[in-house]
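Novice: Can you keep this structure in mind? I'll have questions shortly.
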Amino acid sequence: MTQLVQALALGVLIGGVYALLAAGLTLIFGVMHIVNVAHGAFLVLVAMVTWWLWRHTGIDPIVASVVTTPLMFGLGWVLYRGLVVRIRGASASMSVLLTFGLALTVEGVLNVTAGNKFRSATPGYFEESYRIGGVSLPKPQLYGFLAAVAVLALLYVVLTKTWTGRAIRATAQNPDGAALVGVGATATAALAFAIGTATTGVGGSVMSVLYPFFPASHYDWISRLLGIIVLGGMGSLPGALVGALVLGLAETLTATYGSLRWSTLVFYVVILGVLLVRKQGLFGTRLREDVA
Amino acid sequence: MRLKQGGPHGWPAVSPCSCHHRRARRGRRRLRRSPSAQSTNTDKPIRIGISLPLTGDFSQPGTQAKRGYEVWVNMVNAKGGMLGRQVELKITDDASNQDTVVADYTRLITQDKVDLLLGTFSSLLNYPASAVAEKNGMLYVEPAGGAPRMFERGFKYLIYAQPATAPKQADVMLDWVKSLPADQRPKTAAYPTQDDPFTRPVIETLQAGLEALGVKTVYSTVYPPDATNFQTIASALAAKKPDLVAQGAVFEDGVGLVRSLKQLNFSPKVLFQTSAPSNAGQYSDGVGLANTEGVFYTVSWNEKAKTPLNEEFVAAYAKAYNGETPAEDAADAFAAAQVLQAAVAAVGKIDQKALADWLHANSVETILGKLNWDATGAPQSQFLLAQWQGGKVEIVMPADRATTTTIIHPKPGWK
């Protein structure tokens, strides 16, 4: 029983962090139909900046997201205005090419400036746990989870309760309709891209404590995150949350009752199963396929 | 369709017959060269073709290997080169990709017509790359790639420039356990390992060896290379309380498991990990310096080893790269180049078959110690058993290469 509770608790904590890492990716796809392959590289970039801040100023890595989040928001805005806007309306494969190029650029810059080394932030609590009965909750995992919940809640409030959020959702659902009622498509898209990128501010900070990383780590992360948002339904924020929890629980339950070896397979089998029944994923809507 | 043509990765298999024709054609081409052209040829630098994973998953060892090769080439050229000619490296990036590495070596051999080859990094990439070299009859000295299947193909031109192949890597750890008095030996053991061609054979042979000594296996599991969360393995371990934990760890997984064990406050009496603890600064940063105390690992090279040229290598590396200490991967690449250099010096000319034959029949002094090979190119030496002691790495076995006589046992609890 304790074993089951332990596996469930860990699965939820891990899943929460995965949801945070995937949130920006799905938001950007939802609004612009851009598959941002550079999302993983942005996470690694933030993890590196966070590590550097922690190492040289002693500032707590998760708290450091107060600095990194606005920086990533600005970077997202500039990238959209400077580059991404040029491929608006082009096919999705163009966005993959462009953002893959961005990912390689970030990887290369990190290689040259920070060095091709594994790093991990190890604040005082990184190896401590809370114990409740026989169940242990690792502190970094728990703090990461709480940060994830806070960001996802904030994102939810912004998207559902503010005018800006409504504009973003309207653009996601029907760009032409949104334009008709006075929502500026470019400004909204830039904002969505910037917000999506800003989530990597907290995500990367949490990552720097939980997982050792190096410039090329982003390949592993982007494949995992894409799996999560495909399962949840591309573009759906609640979908990303559910997809992330499924991955977290698949990892811990398979490892506890089978072998960790099967965890990745189990997750992708779940994705395949879901896509066979619902090809738009759990929470996804079918893409509009307007006939020109 | 391409696969049906034969060789791995869709490359057409070359029958002995077509090989023969190719050699004949090459012979005719050589005959057509005028004597004067040949004499200018000897003034040209000797070109060594290398592909390395400078980007992608293996970019870390790839970058270190590049540095190792470059330190070597600068040292060789400063001393007059090889066969009186300067040496030039032609390094290309294979992006950690099997198809690219095949294309790279094919181009280096057939288009760039390099004089010699040196290997790339990881068994995954060396496996197809060495096949390209073999088909073209070129000596292939590899600094990494110790997976058993590398040597099951009966290649004549493959030479592995580390002290031992993966299944033999932990023999020295087993020797240490054997050397313990019966009451101090571990009674139970656990074996988590990454599903990796270089770590699994190490752990599997260690497990078999320890079981033969009467050490009971209480847990063993194989996890995928992309596993990032180790709490479940750690909690299984904490429940079984094994005396010895031997992990087949590449890097992140080694750090991840130690962190998770620490979170559960379970510290085994003996902790052995492959690879991960050898990344000195990165490992101690990852797990916390105090938690490294007593951790065992096996390694091919040590910066303090009194092997010929080792001191010069460490100094030249530090001078070239901001005072850094070389990683093991850089040392392995340097040693591979030393092996190639020794063969060229002994044979006195660049004749691929003669070079390979000489290496199969002789031993070479490298910064890793003396290396010699069997007919398949598998090395016949022994790895070093290293242990973290007081925040530094010491070599504890074998006795003739040890840097200390102290061995910490049992491992102290986490700090």
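A note on labels: chains of the structure tokens are A, B, ... as shown, every chain counts residues from 1, and ligands are counted from 1 in their shown order.
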With 9 Å as the limit and counting only C-alpha atoms, what residues in chain B lie close to chain A? Please list them as an NGL selection string.
Specialist: :B and (55-60 or 63 or 194-195 or 221-229 or 231-233 or 235-236 or 251-253 or 255-256 or 259-265 or 282-283 or 285-288)
Novice: Could you take the residues named above and write them with C-alpha atoms, as a tab-separated table (two decimals), in the first residue's frame?
Specialist:
chain	number	residue	atom	x	y	z
B	55	THR	CA	27.26	18.02	-31.71
B	56	GLY	CA	24.34	15.93	-30.53
B	57	ASP	CA	24.10	13.34	-27.77
B	58	PHE	CA	27.77	12.41	-27.63
B	59	SER	CA	29.08	15.92	-28.13
B	60	GLN	CA	30.66	15.93	-24.71
B	63	THR	CA	34.69	17.50	-27.89
B	194	GLN	CA	21.30	1.82	-17.98
B	195	ASP	CA	20.40	0.04	-21.19
B	221	THR	CA	17.02	-3.72	-13.18
B	222	VAL	CA	17.75	-2.21	-16.57
B	223	TYR	CA	16.46	1.31	-17.20
B	224	PRO	CA	16.20	3.17	-20.52
B	225	PRO	CA	18.81	5.79	-21.51
B	226	ASP	CA	16.26	8.60	-21.25
B	227	ALA	CA	15.31	7.79	-17.64
B	228	THR	CA	15.60	10.94	-15.55
B	229	ASN	CA	13.75	10.12	-12.31
B	231	GLN	CA	13.32	7.81	-6.88
B	232	THR	CA	11.53	4.54	-7.61
B	233	ILE	CA	14.78	2.61	-8.07
B	235	SER	CA	13.15	3.33	-2.87
B	236	ALA	CA	13.35	-0.28	-4.07
B	251	PHE	CA	26.41	10.27	-16.26
B	252	GLU	CA	23.10	11.92	-15.35
B	253	ASP	CA	21.76	8.60	-14.15
B	255	VAL	CA	24.14	11.61	-10.30
B	256	GLY	CA	20.37	11.02	-10.24
B	259	ARG	CA	20.72	12.12	-5.14
B	260	SER	CA	17.67	9.89	-4.78
B	261	LEU	CA	19.47	7.51	-2.39
B	262	LYS	CA	20.50	10.53	-0.33
B	263	GLN	CA	16.91	11.81	-0.28
B	264	LEU	CA	15.89	8.43	1.22
B	265	ASN	CA	18.93	8.41	3.48
B	282	GLN	CA	30.91	17.56	-12.91
B	283	TYR	CA	30.20	14.52	-10.75
B	285	ASP	CA	29.14	19.26	-8.39
B	286	GLY	CA	26.16	17.05	-9.18
B	287	VAL	CA	26.09	14.88	-6.06
B	288	GLY	CA	27.81	17.31	-3.66
Novice: Which residues of range 152-263 of chain A come within 8 Å of range 22-45 of chain A, and for each one, what is the closest pair of atoms and their distance in Å to one decimal, counting only C-alpha atoms, sorted by chain and residue number, as CSV?
Specialist:
residue,atom,partner,partner_atom,distance
A:Leu152,CA,A:Ala23,CA,7.6
A:Ile168,CA,A:Val31,CA,6.7
A:Arg169,CA,A:Val31,CA,7.1
A:Thr171,CA,A:Val31,CA,6.2
A:Ala172,CA,A:Val31,CA,4.0
A:Gln173,CA,A:Val31,CA,7.7
A:Ala189,CA,A:Met32,CA,6.6
A:Ala192,CA,A:Ile28,CA,6.2
A:Phe193,CA,A:Ile28,CA,5.6
A:Ile195,CA,A:Gly24,CA,7.2
A:Gly196,CA,A:Gly24,CA,3.7
A:Thr197,CA,A:Gly24,CA,6.0
A:Ala198,CA,A:Gly24,CA,7.6
A:Thr199,CA,A:Gly24,CA,5.7
A:Thr200,CA,A:Leu43,CA,5.2
A:Gly201,CA,A:Leu43,CA,7.3
A:Gly203,CA,A:Leu43,CA,6.4
A:Gly204,CA,A:Leu43,CA,4.4
A:Met207,CA,A:Leu43,CA,7.6
A:Phe213,CA,A:Val44,CA,7.0
A:Phe214,CA,A:Val44,CA,7.3
A:Pro215,CA,A:Val44,CA,6.6
A:Ser217,CA,A:Val44,CA,7.1
A:His218,CA,A:Gly40,CA,4.5
A:Tyr219,CA,A:Gly40,CA,7.0
A:Trp221,CA,A:Gly40,CA,5.6
A:Ile222,CA,A:Gly40,CA,4.9
A:Leu225,CA,A:Ala22,CA,5.4
A:Leu226,CA,A:Ala22,CA,7.7
A:Ile228,CA,A:Ala22,CA,7.2
A:Ile229,CA,A:Thr26,CA,6.1
A:Met234,CA,A:Thr26,CA,5.9
A:Gly235,CA,A:Gly30,CA,3.6
A:Ser236,CA,A:Thr26,CA,6.2
A:Leu237,CA,A:Ala23,CA,6.3
A:Ala240,CA,A:Ala23,CA,6.3
A:Leu241,CA,A:Ala23,CA,7.8
A:Ala244,CA,A:Ala22,CA,7.8
Novice: What does the structure give for the distance between CA of Arg81 in chain A and CA of Trp163 in chain A, in Å to one decimal?
Specialist: 21.6 Å
Novice: Looking at only C-alpha atoms, which of B:Arg200, B:Lys353, B:Lys168, B:Lys187 is the one that sits closest to Val299 in chain B?
Specialist: B:Lys168
Novice: So which bits of range 30-132 of chain A end up strand (DSSP E) when you DSSP the backbone, as a ChimeraX atom specification?
Specialist: /A:129-132
Novice: Taking N, CA and C atoms for each residue, export the selection above as a PDB file, in the first residue's frame.
Specialist:
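Result file part-v5.pdb:
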ATOM      1  N   SER A 129      14.289  15.247   1.908  1.00  0.00           N
ATOM      2  CA  SER A 129      12.902  14.836   1.662  1.00  0.00           C
ATOM      3  C   SER A 129      12.030  15.151   2.866  1.00  0.00           C
ATOM      4  N   TYR A 130      10.739  15.354   2.608  1.00  0.00           N
ATOM      5  CA  TYR A 130       9.764  15.331   3.689  1.00  0.00           C
ATOM      6  C   TYR A 130       9.265  13.899   3.794  1.00  0.00           C
ATOM      7  N   ARG A 131       9.021  13.446   5.009  1.00  0.00           N
ATOM      8  CA  ARG A 131       8.475  12.088   5.146  1.00  0.00           C
ATOM      9  C   ARG A 131       7.099  12.156   5.791  1.00  0.00           C
ATOM     10  N   ILE A 132       6.133  11.552   5.134  1.00  0.00           N
ATOM     11  CA  ILE A 132       4.780  11.485   5.695  1.00  0.00           C
ATOM     12  C   ILE A 132       4.448  10.004   5.788  1.00  0.00           C
TER      13      ILE A 132
END
Novice: Report as an NGL selection string: the residues of range 102-265 of chain A with a DSSP assignment of helix (DSSP H, G or I), based on the backbone of this structure.
Specialist: :A and (102-114 or 139-161 or 163-173 or 175-180 or 185-210 or 215-232 or 237-257 or 260-265)
Novice: Which neighbours of Leu237 in chain B fall inside 10 Å, counting only C-alpha atoms, when residues of the same chain fewer than 4 positions from it are skipped, and could you give them as a VMD selection string?
Specialist: chain B and resid 189 to 192 218 to 220 231 to 233 241 to 242 245 261 264 266 to 268
Novice: If you count only C-alpha atoms, which residues fall within 10 Å of Ala164 in chain B, apart from same-chain ones fewer than 5 positions away, as number ranges by chain?
Specialist: B: 146, 169-171, 300, 371-373, 378-383
Novice: I'd like the neighbourhood of Ala305 in chain B as number ranges by chain, where a residue qualifies if any of its atoms comes within 8 Å (using only C-alpha atoms), though same-chain residues fewer than 6 positions away should be ignored.
Specialist: B: 367, 401, 403
Novice: So that I have them on file, write out the residues from the current selection with N, CA, C and O atoms, as a compact mmCIF listing (two decimals), in the first residue's frame.
Specialist:
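Contents of result.txt, freshly written:
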# COMPACT_ATOMS: atom_id res chain seq x y z
N ILE B 367 49.88 6.63 -22.61
CA ILE B 367 49.63 7.27 -21.32
C ILE B 367 48.66 6.44 -20.47
O ILE B 367 48.51 6.70 -19.29
N ARG B 401 49.93 0.32 -10.29
CA ARG B 401 49.56 1.63 -10.82
C ARG B 401 48.81 2.47 -9.78
O ARG B 401 48.28 3.52 -10.07
N THR B 403 47.81 4.97 -6.68
CA THR B 403 48.38 6.23 -6.20
C THR B 403 48.29 6.30 -4.68
O THR B 403 48.76 7.24 -4.07
Novice: With only C-alpha atoms as the atoms that count, which of A:Leu231, A:Leu247, A:Leu191, A:Val109 lies nearest to Ile271 in chain A?
Specialist: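 Among A:Leu231, A:Leu247, A:Leu191, A:Val109, it is A:Leu231 that comes nearest to Ile271 in chain A.
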Novice: Could you please determine the separation between CA of Pro45 in chain B and CA of Gly81 in chain B in Å, to one decimal place?
Specialist: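 Separation between CA of Pro45 in chain B and CA of Gly81 in chain B: 8.6 Å.
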Novice: With only C-alpha atoms as the counted atoms, please give the residues lying no more than 9 Å from Val242 in chain A, apart from itself and same-chain residues fewer than 6 positions off, as a PyMOL selection string.
Specialist: chain A and resi 15+19+228+231-232+282-283
Novice: With N, CA, C and O atoms retained, could you export that selection as an mmCIF file, in the first residue's frame?
Specialist:
data_model
loop_
_atom_site.group_PDB
_atom_site.id
_atom_site.type_symbol
_atom_site.label_atom_id
_atom_site.label_comp_id
_atom_site.auth_asym_id
_atom_site.auth_seq_id
_atom_site.Cartn_x
_atom_site.Cartn_y
_atom_site.Cartn_z
ATOM 1 N N GLY A 15 4.937 14.548 -12.771
ATOM 2 C CA GLY A 15 4.005 14.962 -13.815
ATOM 3 C C GLY A 15 3.748 16.464 -13.786
ATOM 4 O O GLY A 15 3.654 17.118 -14.823
ATOM 5 N N ALA A 19 4.330 19.041 -16.769
ATOM 6 C CA ALA A 19 3.257 19.909 -17.283
ATOM 7 C C ALA A 19 3.760 21.336 -17.446
ATOM 8 O O ALA A 19 3.486 22.007 -18.446
ATOM 9 N N ILE A 228 4.015 14.508 -24.680
ATOM 10 C CA ILE A 228 3.004 14.950 -23.712
ATOM 11 C C ILE A 228 1.898 15.750 -24.394
ATOM 12 O O ILE A 228 0.712 15.492 -24.193
ATOM 13 N N LEU A 231 -0.318 13.664 -26.701
ATOM 14 C CA LEU A 231 -1.279 12.864 -25.937
ATOM 15 C C LEU A 231 -2.446 13.731 -25.452
ATOM 16 O O LEU A 231 -3.609 13.364 -25.577
ATOM 17 N N GLY A 232 -2.111 14.900 -24.899
ATOM 18 C CA GLY A 232 -3.159 15.766 -24.348
ATOM 19 C C GLY A 232 -4.000 16.416 -25.428
ATOM 20 O O GLY A 232 -5.127 16.803 -25.195
ATOM 21 N N LEU A 282 -6.362 13.758 -26.293
ATOM 22 C CA LEU A 282 -7.404 13.726 -25.265
ATOM 23 C C LEU A 282 -8.286 14.966 -25.265
ATOM 24 O O LEU A 282 -9.492 14.902 -25.256
ATOM 25 N N PHE A 283 -7.635 16.144 -25.272
ATOM 26 C CA PHE A 283 -8.406 17.385 -25.140
ATOM 27 C C PHE A 283 -8.332 18.248 -26.402
ATOM 28 O O PHE A 283 -8.789 19.365 -26.414
#
